[in-house]
>>> print(open('protein_9.csv').read())   # CSV, C-alpha atoms and all ligand atoms
chain,number,residue,atom,x,y,z
A,1,MET,CA,0.0,0.0,0.0
A,2,MET,CA,1.2,3.6,-0.7
A,3,HIS,CA,1.6,5.6,2.5
A,4,PRO,CA,1.7,9.4,2.5
A,5,PRO,CA,5.1,10.8,3.6
A,6,ASP,CA,3.6,12.4,6.8
A,7,THR,CA,2.1,9.1,7.8
A,8,LEU,CA,5.5,7.4,7.3
A,9,ARG,CA,7.2,10.0,9.4
A,10,ARG,CA,4.7,9.7,12.2
A,11,PHE,CA,5.1,5.9,12.1
A,12,GLY,CA,8.9,6.3,12.4
A,13,ASP,CA,8.5,8.6,15.4
A,14,MET,CA,6.1,6.2,17.1
A,15,LEU,CA,8.6,3.4,16.5
A,16,GLU,CA,11.3,5.4,18.2
A,17,HIS,CA,9.1,6.4,21.2
A,18,ILE,CA,7.4,3.2,22.0
A,19,GLY,CA,9.0,0.4,20.0
A,20,PRO,CA,7.5,-2.4,17.9
A,21,ASP,CA,6.1,-4.5,20.8
A,22,ARG,CA,3.8,-1.8,22.0
A,23,MET,CA,2.8,-1.0,18.4
A,24,ARG,CA,1.8,-4.6,17.8
A,25,LYS,CA,-0.1,-4.4,21.0
A,26,MET,CA,-2.0,-1.4,19.7
A,27,LEU,CA,-3.1,-3.4,16.6
A,28,ARG,CA,-4.1,-6.4,18.8
A,29,THR,CA,-6.2,-4.0,21.0
A,30,MET,CA,-8.0,-2.6,18.0
A,31,HIS,CA,-8.8,-6.2,17.0
A,32,ASP,CA,-10.0,-6.9,20.5
A,33,ILE,CA,-12.4,-3.9,20.3
A,34,ARG,CA,-13.8,-4.9,17.0
A,35,ALA,CA,-14.2,-8.6,17.9
A,36,PHE,CA,-15.8,-7.7,21.2
A,37,GLU,CA,-18.3,-5.3,19.6
A,38,GLN,CA,-19.1,-7.6,16.7
A,39,THR,CA,-19.9,-10.3,19.3
A,40,LEU,CA,-22.0,-7.9,21.4
A,41,GLU,CA,-24.1,-7.3,18.3
A,42,ASP,CA,-24.5,-11.0,17.7
A,43,LEU,CA,-25.5,-11.6,21.4
A,44,TYR,CA,-27.9,-8.7,21.3
A,45,ASN,CA,-29.5,-10.0,18.2
A,46,ALA,CA,-29.8,-13.5,19.8
A,47,GLY,CA,-31.8,-11.9,22.6
A,48,LYS,CA,-29.1,-12.5,25.3
A,49,THR,CA,-29.5,-9.1,26.9
A,50,PHE,CA,-31.8,-6.0,27.1
A,51,GLY,CA,-31.5,-2.3,26.5
A,52,THR,CA,-29.7,-0.8,23.6
A,53,LEU,CA,-26.2,-1.0,22.1
A,54,HIS,CA,-23.9,1.6,20.5
A,55,LEU,CA,-21.0,0.2,18.5
A,56,SER,CA,-17.8,2.1,17.6
A,57,ILE,CA,-16.7,-0.3,14.8
A,58,GLY,CA,-14.5,1.8,12.5
A,59,GLN,CA,-13.5,4.2,15.2
A,60,GLU,CA,-11.0,2.0,17.1
A,61,ALA,CA,-7.9,4.1,16.4
A,62,VAL,CA,-9.3,7.1,18.3
A,63,ALA,CA,-9.6,5.1,21.5
A,64,VAL,CA,-6.3,3.1,21.2
A,65,GLY,CA,-4.2,6.0,19.9
A,66,ALA,CA,-5.3,8.2,22.8
A,67,ALA,CA,-4.9,5.4,25.4
A,68,MET,CA,-1.3,4.6,24.4
A,69,ALA,CA,-0.3,8.2,24.6
A,70,VAL,CA,-1.3,8.5,28.3
A,71,ARG,CA,-0.8,6.5,31.5
A,72,TYR,CA,-3.8,4.3,32.3
A,73,ASP,CA,-1.7,1.5,33.8
A,74,ARG,CA,-0.3,3.4,36.9
A,75,PRO,CA,-1.2,3.3,40.6
A,76,ASP,CA,-3.8,5.6,42.2
A,77,ASP,CA,-2.3,9.1,42.1
A,78,GLU,CA,-0.4,8.6,38.9
A,79,VAL,CA,-3.1,7.1,36.7
A,80,ASP,CA,-4.6,9.3,33.9
A,81,TYR,CA,-8.4,9.5,34.1
A,82,MET,CA,-10.9,9.1,31.3
A,83,PHE,CA,-14.5,9.8,30.7
A,84,SER,CA,-16.2,7.8,28.0
A,85,THR,CA,-19.5,8.1,26.1
A,86,HIS,CA,-22.6,6.0,25.3
A,87,ARG,CA,-20.4,4.5,22.5
A,88,GLY,CA,-17.6,3.6,24.9
A,89,HIS,CA,-16.5,-0.1,24.7
A,90,GLY,CA,-13.4,0.9,22.7
A,91,HIS,CA,-12.4,3.5,25.2
A,92,ALA,CA,-12.7,1.0,28.1
A,93,ILE,CA,-10.7,-1.7,26.3
A,94,GLY,CA,-8.1,0.9,25.3
A,95,TRP,CA,-7.8,1.9,28.9
A,96,GLY,CA,-7.0,-1.6,29.9
A,97,ALA,CA,-10.3,-3.0,31.1
A,98,SER,CA,-10.7,-6.8,31.3
A,99,ILE,CA,-12.7,-8.2,28.4
A,100,ASP,CA,-14.0,-10.9,30.7
A,101,ALA,CA,-15.4,-8.3,33.1
A,102,MET,CA,-16.8,-6.2,30.3
A,103,MET,CA,-18.6,-9.2,28.8
A,104,ALA,CA,-20.0,-10.1,32.2
A,105,GLU,CA,-21.1,-6.5,32.7
A,106,PHE,CA,-22.8,-6.6,29.3
A,107,LEU,CA,-24.7,-9.7,30.3
A,108,GLY,CA,-25.6,-8.4,33.7
A,109,LYS,CA,-23.4,-10.7,35.8
A,110,GLU,CA,-22.0,-10.2,39.3
A,111,THR,CA,-18.4,-10.5,38.0
A,112,GLY,CA,-19.0,-7.6,35.6
A,113,LEU,CA,-16.9,-4.4,35.8
A,114,CYS,CA,-19.8,-2.7,37.7
A,115,LYS,CA,-21.2,-5.9,39.1
A,116,GLY,CA,-23.7,-6.2,36.3
A,117,ARG,CA,-25.5,-2.9,37.3
A,118,GLY,CA,-24.3,-0.7,34.4
A,119,GLY,CA,-24.4,-2.7,31.2
A,120,SER,CA,-23.1,-1.6,27.8
A,121,MET,CA,-23.2,2.2,28.5
A,122,HIS,CA,-21.6,2.2,32.0
A,123,MET,CA,-18.2,0.4,31.7
A,124,ALA,CA,-16.4,2.1,34.6
A,125,ASP,CA,-13.0,0.7,35.6
A,126,PRO,CA,-11.6,2.9,38.4
A,127,ALA,CA,-8.4,0.8,38.7
A,128,HIS,CA,-7.4,2.1,35.3
A,129,GLY,CA,-8.7,5.7,35.8
A,130,ASN,CA,-11.8,5.0,33.7
A,131,PHE,CA,-14.9,6.8,35.1
A,132,GLY,CA,-17.1,5.0,32.6
A,133,GLY,CA,-19.6,5.8,29.9
A,134,ASN,CA,-22.7,7.9,30.2
A,135,GLY,CA,-26.2,7.9,28.8
A,136,ILE,CA,-26.3,11.6,28.9
A,137,VAL,CA,-24.8,13.1,25.7
A,138,GLY,CA,-21.9,15.3,26.8
A,139,GLY,CA,-22.3,14.1,30.4
A,140,GLY,CA,-18.5,13.6,30.9
A,141,LEU,CA,-17.7,17.2,30.0
A,142,PRO,CA,-18.7,19.0,33.2
A,143,MET,CA,-17.3,16.2,35.3
A,144,SER,CA,-13.9,16.6,33.6
A,145,VAL,CA,-13.6,20.1,35.0
A,146,GLY,CA,-14.0,18.8,38.5
A,147,VAL,CA,-11.5,16.0,38.0
A,148,GLY,CA,-9.1,18.5,36.3
A,149,LEU,CA,-9.5,20.8,39.3
A,150,SER,CA,-8.9,17.9,41.7
A,151,ILE,CA,-5.6,17.1,39.9
A,152,LYS,CA,-4.5,20.7,40.1
A,153,ILE,CA,-5.3,21.0,43.8
A,154,ARG,CA,-3.5,17.7,44.6
A,155,LYS,CA,-0.6,18.9,42.4
A,156,THR,CA,0.0,15.4,40.8
A,157,GLN,CA,1.2,14.8,37.3
A,158,GLN,CA,-2.1,13.3,36.2
A,159,LEU,CA,-4.4,14.4,33.5
A,160,CYS,CA,-8.0,13.6,32.3
A,161,VAL,CA,-9.1,12.6,28.8
A,162,VAL,CA,-12.7,13.2,27.9
A,163,PHE,CA,-14.3,11.6,24.8
A,164,PHE,CA,-17.5,13.0,23.4
A,165,GLY,CA,-19.2,13.2,20.0
A,166,ASP,CA,-19.8,15.8,17.4
A,167,GLY,CA,-23.4,16.0,18.6
A,168,ALA,CA,-22.2,16.6,22.2
A,169,SER,CA,-20.2,19.6,21.0
A,170,ASN,CA,-23.4,21.5,20.5
A,171,GLU,CA,-24.5,21.0,24.1
A,172,GLY,CA,-24.2,23.9,26.5
A,173,ALA,CA,-22.2,21.7,28.7
A,174,PHE,CA,-19.4,21.6,26.1
A,175,HIS,CA,-19.0,25.4,26.0
A,176,GLU,CA,-19.2,25.8,29.8
A,177,ALA,CA,-16.7,23.0,30.5
A,178,LEU,CA,-14.1,24.2,27.9
A,179,ASN,CA,-14.3,27.8,29.1
A,180,MET,CA,-13.7,26.9,32.7
A,181,ALA,CA,-11.0,24.3,32.0
A,182,ALA,CA,-9.2,26.9,29.9
A,183,LEU,CA,-9.7,29.7,32.5
A,184,TRP,CA,-8.2,27.5,35.3
A,185,LYS,CA,-5.6,25.9,33.0
A,186,LEU,CA,-6.8,22.4,33.9
A,187,PRO,CA,-4.9,19.3,32.7
A,188,VAL,CA,-7.7,18.0,30.5
A,189,ILE,CA,-7.7,16.7,26.9
A,190,TYR,CA,-11.0,17.1,25.1
A,191,ILE,CA,-11.3,14.5,22.3
A,192,CYS,CA,-14.3,15.2,20.1
A,193,GLU,CA,-14.8,11.9,18.2
A,194,ASN,CA,-16.5,13.3,15.1
A,195,ASN,CA,-18.0,10.3,13.4
A,196,GLN,CA,-19.9,12.7,11.1
A,197,TYR,CA,-23.4,12.0,12.5
A,198,ALA,CA,-25.3,12.7,15.7
A,199,LEU,CA,-27.8,9.9,15.4
A,200,SER,CA,-29.4,10.6,12.0
A,201,THR,CA,-28.2,14.2,11.7
A,202,PRO,CA,-25.1,14.9,9.6
A,203,ASN,CA,-22.4,17.5,10.5
A,204,ASN,CA,-23.6,19.9,7.8
A,205,LYS,CA,-26.9,20.3,9.6
A,206,THR,CA,-25.5,21.0,13.0
A,207,PHE,CA,-22.6,23.5,12.6
A,208,THR,CA,-21.4,26.0,10.0
A,209,THR,CA,-17.7,26.1,10.6
A,210,ALA,CA,-15.3,24.0,8.6
A,211,THR,CA,-14.0,22.2,11.7
A,212,LEU,CA,-15.2,21.8,15.3
A,213,SER,CA,-11.7,22.4,16.7
A,214,GLU,CA,-11.7,26.0,15.7
A,215,ARG,CA,-14.1,26.5,18.6
A,216,ALA,CA,-11.0,26.1,20.8
A,217,ALA,CA,-10.0,29.7,19.9
A,218,ALA,CA,-13.1,31.0,21.6
A,219,TYR,CA,-11.8,29.7,24.9
A,220,GLY,CA,-8.2,30.5,24.4
A,221,MET,CA,-6.9,26.9,24.1
A,222,PRO,CA,-5.2,25.1,21.2
A,223,GLY,CA,-7.3,23.0,18.9
A,224,ALA,CA,-6.6,20.6,16.1
A,225,THR,CA,-8.6,18.6,13.6
A,226,ILE,CA,-7.0,15.3,12.6
A,227,ASP,CA,-7.7,12.1,10.8
A,228,GLY,CA,-8.8,9.9,13.7
A,229,ASN,CA,-8.5,6.8,11.6
A,230,GLU,CA,-4.7,7.2,11.5
A,231,LEU,CA,-3.4,5.6,14.7
A,232,GLY,CA,-0.1,7.3,14.6
A,233,LEU,CA,-1.6,10.7,14.2
A,234,MET,CA,-4.0,10.1,17.1
A,235,PHE,CA,-1.0,9.0,19.2
A,236,GLU,CA,1.2,11.9,18.3
A,237,THR,CA,-1.6,14.6,18.8
A,238,VAL,CA,-2.7,13.2,22.2
A,239,ARG,CA,0.9,12.8,23.3
A,240,ALA,CA,1.6,16.5,22.6
A,241,ALA,CA,-1.6,17.5,24.4
A,242,ALA,CA,-0.6,15.3,27.4
A,243,GLU,CA,2.8,17.0,27.5
A,244,ARG,CA,1.2,20.4,27.5
A,245,ALA,CA,-1.3,19.4,30.2
A,246,ARG,CA,1.4,18.0,32.5
A,247,GLY,CA,3.6,21.0,32.0
A,248,GLY,CA,0.8,23.3,33.3
A,249,GLY,CA,-0.2,24.6,29.8
A,250,GLY,CA,-3.9,23.7,30.3
A,251,PRO,CA,-6.4,21.9,28.1
A,252,THR,CA,-6.5,21.1,24.4
A,253,LEU,CA,-9.4,20.4,22.1
A,254,ILE,CA,-8.8,17.6,19.5
A,255,GLU,CA,-11.3,16.8,16.8
A,256,ALA,CA,-10.7,13.3,15.6
A,257,LYS,CA,-12.5,12.7,12.3
A,258,THR,CA,-13.7,9.2,11.9
A,259,TYR,CA,-16.8,7.3,10.7
A,260,ARG,CA,-19.4,5.2,12.5
A,261,VAL,CA,-19.8,2.1,10.3
A,262,LYS,CA,-22.7,0.5,12.2
A,263,GLY,CA,-26.1,2.2,12.9
A,264,HIS,CA,-26.4,4.6,15.7
A,265,SER,CA,-27.9,2.0,18.0
A,266,ARG,CA,-29.9,-1.2,17.7
A,267,SER,CA,-33.0,0.4,16.3
A,268,ASP,CA,-31.5,2.4,13.4
A,269,ARG,CA,-32.7,1.8,9.8
A,270,GLN,CA,-30.1,4.2,8.5
A,271,SER,CA,-32.3,5.9,5.9
A,272,TYR,CA,-30.2,9.0,6.3
A,273,ARG,CA,-27.2,7.6,4.4
A,274,SER,CA,-26.4,5.3,1.5
A,275,ARG,CA,-24.9,1.8,1.6
A,276,ASP,CA,-22.2,3.1,-0.8
A,277,GLU,CA,-21.1,5.8,1.7
A,278,ILE,CA,-20.8,3.2,4.4
A,279,LYS,CA,-18.8,0.8,2.1
A,280,SER,CA,-16.4,3.7,1.2
A,281,TRP,CA,-15.3,3.8,4.8
A,282,GLN,CA,-14.6,0.1,5.0
A,283,THR,CA,-11.8,0.0,2.5
A,284,ASP,CA,-8.2,-0.8,3.3
A,285,GLU,CA,-7.3,2.9,2.7
A,286,ARG,CA,-9.8,4.1,5.3
A,287,ASP,CA,-10.3,1.4,7.8
A,288,PRO,CA,-8.1,2.1,10.9
A,289,ILE,CA,-7.2,-1.5,11.5
A,290,ALA,CA,-6.3,-2.2,7.8
A,291,ARG,CA,-4.2,0.9,7.6
A,292,PHE,CA,-2.1,0.2,10.7
A,293,THR,CA,-1.7,-3.4,9.7
A,294,ALA,CA,-0.4,-2.4,6.3
A,295,LEU,CA,2.1,0.0,7.9
A,296,LEU,CA,3.4,-2.7,10.3
A,297,VAL,CA,3.6,-5.3,7.5
A,298,ASP,CA,5.3,-2.9,5.0
A,299,HIS,CA,8.0,-2.1,7.6
A,300,GLY,CA,8.7,-5.8,8.2
A,301,LEU,CA,7.3,-5.5,11.8
A,302,LEU,CA,4.5,-8.0,11.3
A,303,SER,CA,4.1,-10.9,8.9
A,304,ASP,CA,0.8,-11.5,7.0
A,305,ALA,CA,0.4,-14.7,9.0
A,306,GLN,CA,0.8,-12.8,12.3
A,307,ALA,CA,-1.7,-10.2,11.2
A,308,ASP,CA,-4.3,-13.0,10.6
A,309,ALA,CA,-3.4,-14.6,13.9
A,310,TYR,CA,-4.2,-11.3,15.8
A,311,ALA,CA,-7.7,-11.3,14.4
A,312,ASN,CA,-8.2,-15.0,15.4
A,313,GLU,CA,-6.7,-14.5,18.9
A,314,ALA,CA,-9.0,-11.5,19.5
A,315,ALA,CA,-12.0,-13.7,18.5
A,316,GLY,CA,-10.8,-16.4,20.9
A,317,THR,CA,-10.4,-13.9,23.8
A,318,VAL,CA,-14.0,-12.7,23.2
A,319,THR,CA,-15.4,-16.3,22.9
A,320,ARG,CA,-13.7,-17.2,26.3
A,321,SER,CA,-15.2,-14.1,27.8
A,322,ILE,CA,-18.7,-15.4,27.0
A,323,ASP,CA,-17.8,-18.7,28.8
A,324,PHE,CA,-16.6,-16.6,31.8
A,325,ALA,CA,-19.8,-14.6,31.8
A,326,ASP,CA,-22.1,-17.6,31.3
A,327,ALA,CA,-20.4,-19.3,34.3
A,328,SER,CA,-20.9,-16.3,36.5
A,329,PRO,CA,-23.9,-15.7,38.8
A,330,ILE,CA,-26.4,-13.0,38.4
A,331,PRO,CA,-26.2,-10.5,41.3
A,332,PRO,CA,-28.2,-11.8,44.3
A,333,LEU,CA,-31.4,-9.9,45.1
A,334,SER,CA,-30.0,-9.2,48.6
A,335,SER,CA,-27.3,-7.0,47.1
A,336,ILE,CA,-29.8,-4.7,45.3
A,337,GLN,CA,-29.0,-1.7,47.6
A,338,ASP,CA,-25.2,-2.2,47.5
A,339,GLY,CA,-23.3,0.6,45.9
A,340,LEU,CA,-26.1,3.2,46.2
A,341,TYR,CA,-25.0,6.6,47.2
A,342,ALA,CA,-28.0,7.3,49.5
B,401,LIG,C1,-28.5,15.2,26.9
B,401,LIG,C2,-29.0,14.2,25.9
B,401,LIG,N1,-29.7,14.6,24.8
B,401,LIG,C3,-30.1,13.7,23.9
B,401,LIG,C4,-29.9,12.4,24.0
B,401,LIG,C5,-30.3,11.3,23.0
B,401,LIG,N2,-29.1,10.9,22.2
B,401,LIG,C6,-28.5,9.8,22.5
B,401,LIG,S1,-27.1,9.6,21.5
B,401,LIG,C7,-27.4,11.0,20.6
B,401,LIG,C8,-26.6,11.4,19.5
B,401,LIG,C9,-25.2,11.8,20.0
B,401,LIG,O1,-24.4,12.1,18.9
B,401,LIG,P1,-22.8,12.3,19.1
B,401,LIG,O2,-22.5,13.1,20.3
B,401,LIG,O3,-22.3,12.7,17.8
B,401,LIG,O4,-22.3,10.8,19.4
B,401,LIG,P2,-22.4,9.5,18.5
B,401,LIG,O5,-23.7,8.8,18.8
B,401,LIG,O6,-22.2,9.9,17.1
B,401,LIG,O7,-21.2,8.7,19.0
B,401,LIG,C10,-28.6,11.6,21.1
B,401,LIG,C11,-29.2,12.9,20.6
B,401,LIG,C12,-29.2,12.0,25.2
B,401,LIG,N3,-28.9,10.7,25.5
B,401,LIG,N4,-28.8,12.9,26.1
B,402,MG,MG,-21.4,11.6,16.3
>>> encode(input="protein_9.csv", output="structure tokens", more="lines below")
Ligand SMILES: Cc1ncc(C[n+]2csc(CCOP(=O)(O)OP(=O)(O)O)c2C)c(N)n1
Ligand SMILES: [Mg+2]
Amino acid sequence: MMHPPDTLRRFGDMLEHIGPDRMRKMLRTMHDIRAFEQTLEDLYNAGKTFGTLHLSIGQEAVAVGAAMAVRYDRPDDEVDYMFSTHRGHGHAIGWGASIDAMMAEFLGKETGLCKGRGGSMHMADPAHGNFGGNGIVGGGLPMSVGVGLSIKIRKTQQLCVVFFGDGASNEGAFHEALNMAALWKLPVIYICENNQYALSTPNNKTFTTATLSERAAAYGMPGATIDGNELGLMFETVRAAAERARGGGGPTLIEAKTYRVKGHSRSDRQSYRSRDEIKSWQTDERDPIARFTALLVDHGLLSDAQADAYANEAAGTVTRSIDFADASPIPPLSSIQDGLYA
């Protein structure tokens, strides 16, 4: 495959910073996310659970590129925090959550990440700094200000990443949160995952500017719009924002452009877009997994056989997680009040 010169440069930089093992791990993690979500869809269709389901298939590089650029695998006062969205399985897996515990959560089991109370939209994993997803569009944005302030008061080297959608960027909470985070120079990285639709509404019906990141100027913080399907670009941009945040430079707004390949949720007939449009985002040139695989293979860091093995291993991990969840008990009725605030 032909790779643009900038992509090759970024790939070389990433190789220098984190080395081939962690890069191969990133590919494997993207496969884990895709296999996990594909399986959730199958389980949902088979009537194995209730509620709804939002899939991030096609958006995996946003989660994994960001996660690898921060510190989700550190102890308490060193871990980098994260707020997810209703479309958050990828964020949680990127931030190191156990796939067994996520599957058990999805299926409402006691061994789930949140003891089966949260389900698909609430995959919180405090051990990795993950505060979980949210059914309130833009819900993580105001909370990120509180977390950023806490980091600042405690004077640690932590930061907080917040994922939210293009739709969320038109909520009042977005503007209030960014203004205050900039004013107080909080160590927060705002990642707008622009998958081009808010439910059935396309970008061109919800804002008039060429990009969403130019809104950053209104609050006096840097902003960048990038190709969120290029893993190396995601990694590089979040890494720079993290350095800025830790150095006391305050927040950054990153608009990561990507595409939601599946419907909005389980009940979406997708009459607002064509099949051809969807297919055009599933090509080797646009799909984030295919693109990063080609880079690793073309640099001699991965064989074709290894690339296939990753997909199979990910499928195996997810299959075993169903066995784990199936063998786990549902929460006992006597525990119904456990974990309640009041
Ligand atoms: C405050 C609020 N308003 C509306 C909804 C209904 N709703 C759920 S998802 C969604 C679209 C969100 O679009 P976007 O932020 O782009 O995220 P995406 O679904 O594309 O990942 C809407 C309107 C909600 N859950 N919460
Ligand atoms: Mg969207």
>>> residues_near_ligand(input="protein_9.csv", ligand="ligand MG 402 (chain B)", cutoff="7 Å", atoms="all atoms listed in the file", output="MDAnalysis selection string")
chainID A and resid 165:167 193:199
>>> residues_around(input="protein_9.csv", residues="Gly108 (chain A)", least_positions_apart="6", cutoff="8 Å", atoms="all atoms listed in the file", output="number ranges by chain")
A: 49, 115-119, 330-331
>>> residues_around(input="protein_9.csv", residues="Asp323 (chain A)", least_positions_apart="3", cutoff="10 Å", atoms="all atoms listed in the file", output="MDAnalysis selection string")
chainID A and resid 100 103:104 318:320 326:328
>>> residues_near_ligand(input="protein_9.csv", ligand="ligand LIG 401 (chain B)", cutoff="9 Å", atoms="all atoms listed in the file", output="NGL selection string")
:A and (54-56 or 85-88 or 134-139 or 164-171 or 192-203 or 259-260 or 264-265)
>>> residues_around(input="protein_9.csv", residues="Leu183 (chain A)", least_positions_apart="5", cutoff="9 Å", atoms="only C-alpha atoms", output="number ranges by chain")
A: 178, 219-220, 250
>>> write_last_selection(input="protein_9.csv", atoms="C-alpha atoms", output="tab-separated table (two decimals), keeping the file's coordinate frame")
chain	number	residue	atom	x	y	z
A	178	LEU	CA	-14.10	24.20	27.90
A	219	TYR	CA	-11.80	29.70	24.90
A	220	GLY	CA	-8.20	30.50	24.40
A	250	GLY	CA	-3.90	23.70	30.30
>>> residues_around(input="protein_9.csv", residues="Pro75 (chain A)", least_positions_apart="5", cutoff="12 Å", atoms="only C-alpha atoms", output="PyMOL selection string")
chain A and resi 80-81+126-129+158
>>> atom_distance(input="protein_9.csv", atom1="CA of Ala325 (chain A)", atom2="CA of Tyr310 (chain A)")
22.6 Å
>>> closest_residue(input="protein_9.csv", among="A:Leu113, A:Met82, A:Ile151, A:Leu141", to="Ala173 (chain A)", atoms="only C-alpha atoms")
A:Leu141
>>> residues_around(input="protein_9.csv", residues="region 20-28 of chain A", least_positions_apart="5", cutoff="8 Å", atoms="only C-alpha atoms", output="PyMOL selection string")
chain A and resi 15+64-65+68+289+292-293+296+301-302+310-311+314
>>> atom_distance(input="protein_9.csv", atom1="CA of Leu231 (chain A)", atom2="CA of Ala67 (chain A)")
10.8 Å
